[in-house]
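J.: Just one file: structure34.cif, with mmCIF, C-alpha atoms.
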```cif
data_protein
loop_
_atom_site.label_atom_id
_atom_site.label_comp_id
_atom_site.auth_asym_id
_atom_site.auth_seq_id
_atom_site.Cartn_x
_atom_site.Cartn_y
_atom_site.Cartn_z
CA MET A 1088 0.00 0.00 0.00
CA ASN A 1089 1.29 3.49 -0.82
CA LEU A 1090 0.08 7.09 -0.82
CA GLN A 1091 -0.53 7.07 -4.55
CA GLN A 1092 -2.99 4.21 -4.21
CA LEU A 1093 -4.79 6.12 -1.46
CA LYS A 1094 -5.12 9.10 -3.79
CA TYR A 1095 -6.57 6.82 -6.45
CA ILE A 1096 -9.31 5.38 -4.26
CA VAL A 1097 -10.22 8.85 -2.99
CA ALA A 1098 -10.53 10.03 -6.59
CA ILE A 1099 -12.70 7.04 -7.52
CA SER A 1100 -14.92 7.72 -4.53
CA ARG A 1101 -15.25 11.36 -5.50
CA PHE A 1102 -16.11 10.88 -9.18
CA ARG A 1103 -17.76 7.43 -9.01
CA ASN A 1104 -16.37 7.02 -12.51
CA PHE A 1105 -13.05 5.40 -13.49
CA VAL A 1106 -12.45 7.56 -16.56
CA LYS A 1107 -13.00 10.85 -14.70
CA ALA A 1108 -11.01 9.65 -11.67
CA ALA A 1109 -8.10 8.57 -13.89
CA ASP A 1110 -8.15 11.90 -15.70
CA SER A 1111 -8.01 13.79 -12.38
CA CYS A 1112 -4.99 11.69 -11.37
CA ASN A 1113 -3.28 12.15 -14.77
CA ILE A 1114 -3.09 8.43 -15.46
CA SER A 1115 -4.87 6.07 -17.85
CA GLN A 1116 -8.06 4.29 -16.87
CA PRO A 1117 -6.48 0.81 -17.19
CA THR A 1118 -3.64 1.87 -14.88
CA LEU A 1119 -6.11 3.16 -12.32
CA SER A 1120 -8.11 -0.06 -12.45
CA ALA A 1121 -4.96 -2.15 -12.09
CA MET A 1122 -3.75 -0.14 -9.08
CA LEU A 1123 -7.14 -0.49 -7.40
CA GLN A 1124 -7.15 -4.24 -8.02
CA LYS A 1125 -3.63 -4.50 -6.58
CA LEU A 1126 -4.68 -2.67 -3.41
CA GLU A 1127 -7.80 -4.80 -3.00
CA ASP A 1128 -5.73 -7.96 -3.44
CA GLU A 1129 -3.24 -6.76 -0.85
CA LEU A 1130 -5.95 -5.92 1.68
CA ASP A 1131 -8.03 -8.94 0.70
CA VAL A 1132 -11.23 -6.84 0.60
CA ARG A 1133 -13.35 -5.29 -2.10
CA ILE A 1134 -13.26 -1.48 -1.79
CA PHE A 1135 -15.72 -0.74 -4.61
CA ASP A 1136 -18.61 -2.56 -6.17
CA ARG A 1137 -18.50 -1.79 -9.87
CA THR A 1138 -20.97 -2.52 -12.63
CA ASN A 1139 -21.32 -1.17 -16.15
CA LYS A 1140 -23.47 1.66 -14.84
CA GLN A 1141 -22.03 2.66 -11.47
CA VAL A 1142 -19.15 2.50 -9.01
CA THR A 1143 -20.03 2.52 -5.31
CA PRO A 1144 -17.92 1.91 -2.19
CA THR A 1145 -18.61 -1.22 -0.19
CA SER A 1146 -19.31 -0.85 3.52
CA VAL A 1147 -15.69 -1.60 4.41
CA GLY A 1148 -14.60 0.49 1.41
CA GLU A 1149 -16.27 3.57 2.88
CA LYS A 1150 -14.23 3.15 6.07
CA ILE A 1151 -11.01 2.67 4.10
CA ILE A 1152 -11.71 5.74 1.95
CA LEU A 1153 -12.40 7.86 5.04
CA GLN A 1154 -9.11 6.78 6.58
CA ALA A 1155 -7.33 7.38 3.27
CA LYS A 1156 -8.59 10.97 3.22
CA LYS A 1157 -7.35 11.54 6.77
CA THR A 1158 -3.98 10.03 5.91
CA LEU A 1159 -3.55 12.20 2.83
CA VAL A 1160 -4.48 15.36 4.77
CA GLU A 1161 -1.89 14.55 7.44
CA PHE A 1162 0.73 13.75 4.82
CA GLU A 1163 0.16 17.03 3.00
CA LYS A 1164 0.69 18.90 6.26
CA ILE A 1165 4.39 18.01 6.13
CA ALA A 1166 4.85 20.10 2.98
CA GLU A 1167 2.66 22.83 4.48
CA LEU A 1168 4.74 22.93 7.66
CA VAL A 1169 7.93 23.28 5.66
CA ALA A 1170 6.41 26.03 3.51
CA GLU A 1171 5.21 27.95 6.58
CA GLU A 1172 8.61 27.57 8.25
CA LYS A 1173 10.32 28.97 5.15
CA ASN A 1174 7.71 31.74 4.90
CA GLN A 1175 6.60 30.38 1.55
CA ILE A 1176 3.16 30.13 0.01
CA THR A 1177 1.83 26.67 -0.77
CA LYS A 1178 1.57 25.86 -4.47
CA SER A 1179 -2.21 25.57 -4.63
CA LEU A 1180 -5.35 27.11 -3.13
CA SER A 1181 -8.80 25.54 -3.41
CA LEU A 1182 -11.58 27.90 -2.39
CA SER A 1183 -15.37 27.67 -2.14
CA VAL A 1184 -17.63 30.74 -2.14
CA GLY A 1185 -21.36 30.93 -1.46
CA PRO A 1186 -23.62 31.80 -4.44
CA SER A 1187 -25.05 34.94 -2.79
CA ILE A 1188 -21.49 36.22 -2.20
CA ALA A 1189 -19.59 35.14 -5.31
CA PRO A 1190 -20.88 37.82 -7.75
CA TYR A 1191 -19.58 40.59 -5.50
CA ILE A 1192 -16.11 39.40 -4.58
CA LEU A 1193 -14.90 36.84 -7.14
CA PRO A 1194 -14.30 39.06 -10.20
CA ASP A 1195 -11.99 41.41 -8.27
CA PHE A 1196 -10.52 38.66 -6.11
CA ILE A 1197 -9.45 36.55 -9.09
CA LYS A 1198 -7.96 39.62 -10.78
CA HIS A 1199 -5.85 40.62 -7.78
CA TYR A 1200 -4.91 37.10 -6.72
CA ARG A 1201 -3.60 36.11 -10.15
CA LYS A 1202 -1.62 39.36 -10.31
CA ASP A 1203 -0.15 39.12 -6.80
CA TYR A 1204 0.39 35.34 -6.59
CA PRO A 1205 0.88 34.02 -10.15
CA GLU A 1206 2.80 31.00 -8.83
CA VAL A 1207 -0.26 29.66 -6.95
CA SER A 1208 -2.62 27.27 -8.72
CA LEU A 1209 -6.01 28.79 -7.87
CA SER A 1210 -9.17 26.65 -7.89
CA ILE A 1211 -12.54 28.23 -7.01
CA GLN A 1212 -15.94 26.58 -6.74
CA GLU A 1213 -19.27 28.29 -6.14
CA MET A 1214 -21.43 26.14 -3.87
CA LYS A 1215 -23.97 26.18 -1.08
CA SER A 1216 -22.85 26.01 2.54
CA GLU A 1217 -23.73 22.38 3.26
CA GLU A 1218 -21.65 21.07 0.38
CA MET A 1219 -18.84 23.46 1.26
CA PHE A 1220 -18.65 22.22 4.85
CA ASN A 1221 -18.64 18.59 3.74
CA LEU A 1222 -15.69 19.25 1.44
CA LEU A 1223 -13.88 21.18 4.17
CA GLN A 1224 -14.34 18.40 6.70
CA ASN A 1225 -13.07 15.84 4.19
CA GLY A 1226 -10.06 17.97 3.32
CA ASP A 1227 -11.19 18.33 -0.32
CA ILE A 1228 -10.92 22.15 -0.25
CA ASP A 1229 -8.72 24.53 1.74
CA VAL A 1230 -11.03 27.44 2.50
CA GLY A 1231 -14.70 28.39 2.37
CA ILE A 1232 -16.27 31.85 2.33
CA ALA A 1233 -19.90 31.96 3.43
CA VAL A 1234 -22.41 33.73 5.66
CA SER A 1235 -21.30 33.80 9.31
CA ASP A 1236 -22.56 31.82 12.31
CA GLN A 1237 -22.72 28.40 10.68
CA LEU A 1238 -21.11 26.24 13.34
CA ARG A 1239 -19.80 22.82 12.34
CA LYS A 1240 -17.71 20.27 14.21
CA GLY A 1241 -14.05 20.54 13.31
CA ILE A 1242 -14.52 23.83 11.43
CA LEU A 1243 -13.08 27.20 12.50
CA GLU A 1244 -14.85 30.45 11.59
CA ILE A 1245 -12.93 33.70 11.02
CA PRO A 1246 -15.05 36.87 10.54
CA LEU A 1247 -14.10 38.56 7.25
CA TYR A 1248 -16.45 41.47 6.51
CA THR A 1249 -19.89 42.89 7.25
CA GLU A 1250 -22.21 44.59 4.78
CA ARG A 1251 -25.46 46.43 5.29
CA PHE A 1252 -28.71 45.65 3.56
CA TYR A 1253 -30.58 48.33 1.67
CA VAL A 1254 -34.12 48.43 0.34
CA TYR A 1255 -34.70 48.72 -3.39
CA LEU A 1256 -38.13 50.23 -4.02
CA SER A 1257 -40.17 50.59 -7.17
CA GLU A 1258 -40.56 54.14 -8.41
CA ALA A 1259 -44.14 54.29 -7.21
CA CYS A 1260 -43.09 53.19 -3.73
CA TRP A 1261 -40.28 55.66 -3.22
CA ARG A 1262 -42.30 58.60 -4.45
CA LYS A 1263 -44.78 57.87 -1.68
CA LEU A 1264 -42.17 57.05 0.96
CA PRO A 1265 -38.99 59.15 0.93
CA VAL A 1266 -38.00 57.41 4.20
CA PHE A 1267 -38.25 53.63 4.24
CA LYS A 1268 -40.25 52.24 7.14
CA PRO A 1269 -41.08 48.54 6.71
CA GLU A 1270 -44.37 48.75 8.60
CA ASN A 1271 -45.71 51.10 5.93
CA LEU A 1272 -45.24 48.56 3.15
CA GLU A 1273 -47.49 45.71 4.26
CA HIS A 1274 -49.62 46.21 1.16
CA GLU A 1275 -46.68 46.06 -1.23
CA ASN A 1276 -45.24 42.99 -2.95
CA MET A 1277 -42.00 41.90 -1.33
CA TRP A 1278 -39.63 39.97 -3.61
CA ILE A 1279 -36.98 37.79 -2.02
CA MET A 1280 -34.14 35.53 -3.08
CA LYS A 1281 -34.98 31.83 -2.87
CA GLU A 1282 -31.65 30.23 -1.98
CA ALA A 1283 -29.90 32.72 0.34
CA GLN A 1284 -31.28 32.21 3.84
CA CYS A 1285 -29.66 35.39 5.18
CA LEU A 1286 -31.60 37.40 2.61
CA ARG A 1287 -34.82 35.52 3.36
CA ASP A 1288 -34.50 36.12 7.10
CA SER A 1289 -33.84 39.82 6.58
CA ALA A 1290 -36.73 40.21 4.19
CA PHE A 1291 -39.19 38.41 6.43
CA SER A 1292 -38.10 40.40 9.47
CA PHE A 1293 -39.39 43.55 7.79
CA CYS A 1294 -42.93 42.30 7.61
CA LYS A 1295 -44.80 41.62 10.83
CA ALA A 1296 -48.21 41.03 9.23
CA ARG A 1297 -47.66 38.92 6.16
CA SER A 1298 -51.11 37.35 6.58
CA LYS A 1299 -52.76 40.69 5.71
CA GLY A 1300 -52.67 40.19 1.99
CA GLN A 1301 -48.87 40.27 1.69
CA HIS A 1302 -47.62 38.46 -1.41
CA ILE A 1303 -44.08 37.11 -1.32
CA TYR A 1304 -42.40 35.88 -4.47
CA GLU A 1305 -39.07 34.12 -4.75
CA ALA A 1306 -36.38 34.63 -7.39
CA GLY A 1307 -32.98 33.05 -7.98
CA SER A 1308 -30.72 36.11 -8.09
CA ILE A 1309 -30.60 39.67 -6.82
CA ASP A 1310 -30.31 41.00 -10.38
CA THR A 1311 -33.59 39.27 -11.15
CA LEU A 1312 -35.21 40.75 -8.05
CA VAL A 1313 -34.22 44.27 -9.08
CA ARG A 1314 -35.63 43.80 -12.57
CA ILE A 1315 -38.85 42.34 -11.14
CA VAL A 1316 -39.30 45.39 -8.91
CA ASP A 1317 -38.61 47.73 -11.84
CA ASN A 1318 -41.28 46.02 -13.96
CA ASN A 1319 -43.86 44.98 -11.36
CA GLY A 1320 -43.60 47.35 -8.40
CA GLY A 1321 -43.07 46.45 -4.75
CA PHE A 1322 -39.67 46.21 -3.10
CA THR A 1323 -36.75 43.91 -2.31
CA ILE A 1324 -33.56 44.03 -0.27
CA ILE A 1325 -30.04 44.15 -1.67
CA PRO A 1326 -26.62 43.83 0.00
CA GLU A 1327 -24.32 46.85 0.08
CA LEU A 1328 -21.95 45.46 -2.52
CA HIS A 1329 -24.80 45.23 -5.04
CA LEU A 1330 -25.08 49.04 -5.16
CA ALA A 1331 -22.20 49.12 -7.65
CA PHE A 1332 -24.29 46.97 -10.03
CA LEU A 1333 -27.11 49.54 -10.23
CA SER A 1334 -27.47 52.24 -12.83
CA GLU A 1335 -27.56 55.89 -11.80
CA ALA A 1336 -31.33 55.90 -12.26
CA GLN A 1337 -31.77 52.72 -10.20
CA ARG A 1338 -29.71 54.11 -7.31
CA LYS A 1339 -32.40 56.72 -6.79
CA ASN A 1340 -34.69 53.86 -5.76
CA VAL A 1341 -32.41 52.73 -2.90
CA ARG A 1342 -33.22 53.54 0.72
CA LYS A 1343 -31.55 52.81 4.05
CA ILE A 1344 -33.53 50.65 6.43
CA GLU A 1345 -34.98 52.65 9.27
CA GLY A 1346 -35.75 51.23 12.70
CA ASP A 1347 -34.46 48.23 14.64
CA TYR A 1348 -34.46 45.54 11.96
CA LEU A 1349 -32.06 42.86 10.81
CA SER A 1350 -30.22 44.96 8.24
CA GLN A 1351 -26.78 43.48 7.70
CA ARG A 1352 -25.02 40.22 6.98
CA ARG A 1353 -21.64 39.04 8.17
CA ILE A 1354 -19.35 37.01 5.94
CA SER A 1355 -16.67 34.66 7.31
CA ILE A 1356 -13.76 32.53 6.21
CA TYR A 1357 -14.14 28.86 7.19
CA ILE A 1358 -11.23 26.43 7.58
CA ARG A 1359 -10.56 23.13 9.28
CA GLU A 1360 -9.56 23.51 12.93
CA ASP A 1361 -6.25 21.80 12.19
CA CYS A 1362 -5.40 24.12 9.28
CA ILE A 1363 -1.83 25.45 9.45
CA LYS A 1364 -1.77 27.48 6.23
CA GLU A 1365 -1.57 30.87 7.92
CA ARG A 1366 0.42 32.51 5.14
CA MET A 1367 -1.93 31.15 2.49
CA LEU A 1368 -4.96 32.48 4.39
CA ASN A 1369 -3.38 35.91 4.55
CA THR A 1370 -2.94 35.96 0.77
CA ILE A 1371 -6.76 35.84 0.62
CA VAL A 1372 -7.09 38.66 3.15
CA ASP A 1373 -4.45 40.81 1.46
CA CYS A 1374 -6.27 40.52 -1.88
CA MET A 1375 -9.61 41.35 -0.28
CA LYS A 1376 -8.10 44.53 1.20
CA GLU A 1377 -7.25 45.73 -2.30
CA PHE A 1378 -10.87 46.10 -3.40
CA MET A 1379 -13.14 45.71 -0.35
CA PRO A 1380 -14.30 48.99 1.28
CA SER A 1381 -12.23 49.30 4.47
CA HIS A 1382 -15.26 50.07 6.66
CA MET A 1383 -16.70 46.65 5.77
CA MET A 1384 -13.62 44.58 6.62
CA ASN A 1385 -13.36 43.02 10.08
CA GLU A 1386 -11.17 45.43 12.07
CA GLY A 1387 -8.89 42.73 13.49
CA ILE A 1388 -8.27 41.15 10.10
CA ARG A 1389 -7.77 44.55 8.45
CA LYS A 1390 -5.12 45.55 10.97
CA TYR A 1391 -3.39 42.29 11.84
CA GLY A 1392 -4.41 39.67 9.29
CA ILE A 1393 -5.08 36.07 10.35
CA ARG A 1394 -3.11 34.44 13.16
CA LEU A 1395 -3.56 30.72 13.74
#
```
Could you write out this structure as structure tokens?
T.:
Amino acid sequence: MNLQQLKYIVAISRFRNFVKAADSCNISQPTLSAMLQKLEDELDVRIFDRTNKQVTPTSVGEKIILQAKKTLVEFEKIAELVAEEKNQITKSLSLSVGPSIAPYILPDFIKHYRKDYPEVSLSIQEMKSEEMFNLLQNGDIDVGIAVSDQLRKGILEIPLYTERFYVYLSEACWRKLPVFKPENLEHENMWIMKEAQCLRDSAFSFCKARSKGQHIYEAGSIDTLVRIVDNNGGFTIIPELHLAFLSEAQRKNVRKIEGDYLSQRRISIYIREDCIKERMLNTIVDCMKEFMPSHMMNEGIRKYGIRL
């Protein structure tokens, strides 16, 4: 048994397909199959059940794959320790970003990161929190960026930035209400984003009497919500970073949220508790500082960076 074989079975488990797993490992499919067979013969167990249609781990195979992932994570820490000791950046960074955050930070982040750290192989996936945490716990990605206060066993949360919510009103609404007070809009249509729970919670907190004829519609993106309001009336909420996406005319329809309401969201970096890539984490922070408004950045991170 060797580390390469462990990488192969982890890849097979991930893709559930020999061709895709072999491609990810930069070997041929026959070689991958032969190496798996050799490992199964050595252990005298069947790690995967394979048919023409699917590849699935056996019950003992699932335990072996889990241990293989742990072993590979621990092995990779040796190179990480050496890199940290030499004040070097690791050669790769795999990052996950939530879908309600990605449009606002990824374009500038990728631009600055590729310019500042061209030697790093950067891999970014946009995914929902649950999938992100599963990959983090398994060691499949290095870092996640998502809405704060999502506690998970073995995961460390580092506050990154905070942004306010604003209300985007239809023209008819804002002409009637120069100051936004949620209680005055019970008769209006409120449009909310379907997938982002932080946006849903904020939107619902505005309305204390939804049963009084309030109609709530769900859309898949904030851009869509803004266009719906423009064409159909009513109102929605948008995060602070979305203001830059609005036209000059649309910005006239934006109002601050008055009163004691949930009107901001906090965004955090998530890593495994045993992560030692301090220098790598600070490359993320340093790039964020280049384009993120300073008042939004967490004060501790802005001044001192991340210290593990």
J.: I'd like the contact shell of A:Gly1392 - 10 Å cut-off, all atoms listed in the file, skipping same-chain residues fewer than 3 positions apart - returned as an mmCIF file with C-alpha atoms, in the coordinates of the input.
T.:
```cif
data_model
loop_
_atom_site.group_PDB
_atom_site.id
_atom_site.type_symbol
_atom_site.label_atom_id
_atom_site.label_comp_id
_atom_site.auth_asym_id
_atom_site.auth_seq_id
_atom_site.Cartn_x
_atom_site.Cartn_y
_atom_site.Cartn_z
ATOM 1 C CA LEU A 1247 -14.100 38.560 7.250
ATOM 2 C CA GLU A 1365 -1.570 30.870 7.920
ATOM 3 C CA ARG A 1366 0.420 32.510 5.140
ATOM 4 C CA LEU A 1368 -4.960 32.480 4.390
ATOM 5 C CA ASN A 1369 -3.380 35.910 4.550
ATOM 6 C CA THR A 1370 -2.940 35.960 0.770
ATOM 7 C CA ILE A 1371 -6.760 35.840 0.620
ATOM 8 C CA VAL A 1372 -7.090 38.660 3.150
ATOM 9 C CA ASP A 1373 -4.450 40.810 1.460
ATOM 10 C CA ASN A 1385 -13.360 43.020 10.080
ATOM 11 C CA GLU A 1386 -11.170 45.430 12.070
ATOM 12 C CA GLY A 1387 -8.890 42.730 13.490
ATOM 13 C CA ILE A 1388 -8.270 41.150 10.100
ATOM 14 C CA ARG A 1389 -7.770 44.550 8.450
#
```
J.: Excluding same-chain residues fewer than 6 positions from A:Leu1126, what lies within 12 Å of it counting all atoms listed in the file, as an MDAnalysis selection string?
T.: chainID A and resid 1088:1096 1119:1120 1132:1135 1148 1151
J.: Let me make sure I understand: among A:Glu1149, A:Glu1217, A:Glu1327, A:Glu1127, which one has the smallest atom-to-atom distance to A:Ser1100 if we use all atoms listed in the file?
T.: A:Glu1149
J.: Can you tell me which residues surround A:Ala1109 at a distance of at most 10 Å, considering all atoms listed in the file, apart from same-chain residues fewer than 6 positions away, and format the answer as a list in words?
T.: Tyr1095, Ala1098, Ile1099, Phe1102, Ser1115, Gln1116, Pro1117, Thr1118, Leu1119 and Ser1120 of chain A
J.: Write the residues you've just listed into a file as a PDB file, keeping the file's coordinate frame, and include C-alpha atoms for each of them.
T.:
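The new file out30.pdb reads:
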```pdb
ATOM      1  CA  TYR A1095      -6.570   6.820  -6.450  1.00  0.00           C
ATOM      2  CA  ALA A1098     -10.530  10.030  -6.590  1.00  0.00           C
ATOM      3  CA  ILE A1099     -12.700   7.040  -7.520  1.00  0.00           C
ATOM      4  CA  PHE A1102     -16.110  10.880  -9.180  1.00  0.00           C
ATOM      5  CA  SER A1115      -4.870   6.070 -17.850  1.00  0.00           C
ATOM      6  CA  GLN A1116      -8.060   4.290 -16.870  1.00  0.00           C
ATOM      7  CA  PRO A1117      -6.480   0.810 -17.190  1.00  0.00           C
ATOM      8  CA  THR A1118      -3.640   1.870 -14.880  1.00  0.00           C
ATOM      9  CA  LEU A1119      -6.110   3.160 -12.320  1.00  0.00           C
ATOM     10  CA  SER A1120      -8.110  -0.060 -12.450  1.00  0.00           C
TER      11      SER A1120
END
```
J.: Quick one: apply the PyMOL selection byres ((chain A and resi 1375) around 9) to the file and drop the selected residues here as a list in words.
T.: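 Selected by the PyMOL selection byres ((chain A and resi 1375) around 9) in this file: Ile1192, Asp1195, Phe1196, His1199, Thr1370, Ile1371, Val1372, Asp1373, Cys1374, Lys1376, Glu1377, Phe1378, Met1379 and Met1384 of chain A.
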J.: Mind writing the picked residues with C-alpha atoms as a PDB file, in the coordinates of the input?
T.:
```pdb
ATOM      1  CA  ILE A1192     -16.110  39.400  -4.580  1.00  0.00           C
ATOM      2  CA  ASP A1195     -11.990  41.410  -8.270  1.00  0.00           C
ATOM      3  CA  PHE A1196     -10.520  38.660  -6.110  1.00  0.00           C
ATOM      4  CA  HIS A1199      -5.850  40.620  -7.780  1.00  0.00           C
ATOM      5  CA  THR A1370      -2.940  35.960   0.770  1.00  0.00           C
ATOM      6  CA  ILE A1371      -6.760  35.840   0.620  1.00  0.00           C
ATOM      7  CA  VAL A1372      -7.090  38.660   3.150  1.00  0.00           C
ATOM      8  CA  ASP A1373      -4.450  40.810   1.460  1.00  0.00           C
ATOM      9  CA  CYS A1374      -6.270  40.520  -1.880  1.00  0.00           C
ATOM     10  CA  LYS A1376      -8.100  44.530   1.200  1.00  0.00           C
ATOM     11  CA  GLU A1377      -7.250  45.730  -2.300  1.00  0.00           C
ATOM     12  CA  PHE A1378     -10.870  46.100  -3.400  1.00  0.00           C
ATOM     13  CA  MET A1379     -13.140  45.710  -0.350  1.00  0.00           C
ATOM     14  CA  MET A1384     -13.620  44.580   6.620  1.00  0.00           C
TER      15      MET A1384
END
```
J.: What gap, in Å, lies between atom CA of A:Gly1231 and atom CA of A:Thr1249?
T.: 16.2 Å
J.: Carefully work through the PyMOL selection byres ((chain A and resi 1278) around 9) for this structure and note down the residues it includes, as a ChimeraX atom specification.
T.: /A:1276-1277,1279-1280,1290,1302-1306,1312-1313,1315-1316,1321-1324
J.: In terms of the shortest atom-to-atom distance over all atoms listed in the file, which of A:Met1122, A:Ile1211, A:Ile1165, A:Ala1233 is closest to A:Pro1186?
T.: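 Among the listed residues, A:Ala1233 lies closest to A:Pro1186.
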J.: Apply the PyMOL selection byres ((chain A and resi 1245) around 7) to the structure shown and report the selected residues as a list in words.
T.: Leu1243, Glu1244, Pro1246, Leu1247, Ser1355, Ile1356 and Tyr1357 of chain A
J.: Which distance in Å separates atom CA of A:Val1341 and atom CA of A:Asp1310, to one decimal?
T.: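 Between atom CA of A:Val1341 and atom CA of A:Asp1310 the gap works out to 14.1 Å.
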J.: What is the distance between atom CA of A:Gly1241 and atom CA of A:Arg1359, in Å to one decimal?
T.: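 Those two atoms sit 5.9 Å apart.
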J.: Name all residues at most 10 Å from stretch 1223-1226 of chain A (count only C-alpha atoms; drop same-chain ones fewer than 4 positions away) and give them as a PyMOL selection string.
T.: chain A and resi 1153+1156-1157+1159-1161+1182-1183+1217-1219+1230-1231+1239-1242+1357-1360+1362
J.: Which of these, A:Leu1238, A:Leu1222, A:Ile1354, A:Ala1155, has the shortest distance to A:Ile1188 once you count all atoms listed in the file?
T.: A:Ile1354
J.: Assuming 6 Å of padding per side, give the centre and edge lengths of the axis-aligned box around every listed atom of stretch 1097-1113 of chain A, in Å to one decimal and as AutoDock Vina command-line options.
T.:
```
--center_x -10.5 --center_y 9.6 --center_z -9.8 --size_x 26.5 --size_y 20.4 --size_z 25.6
```
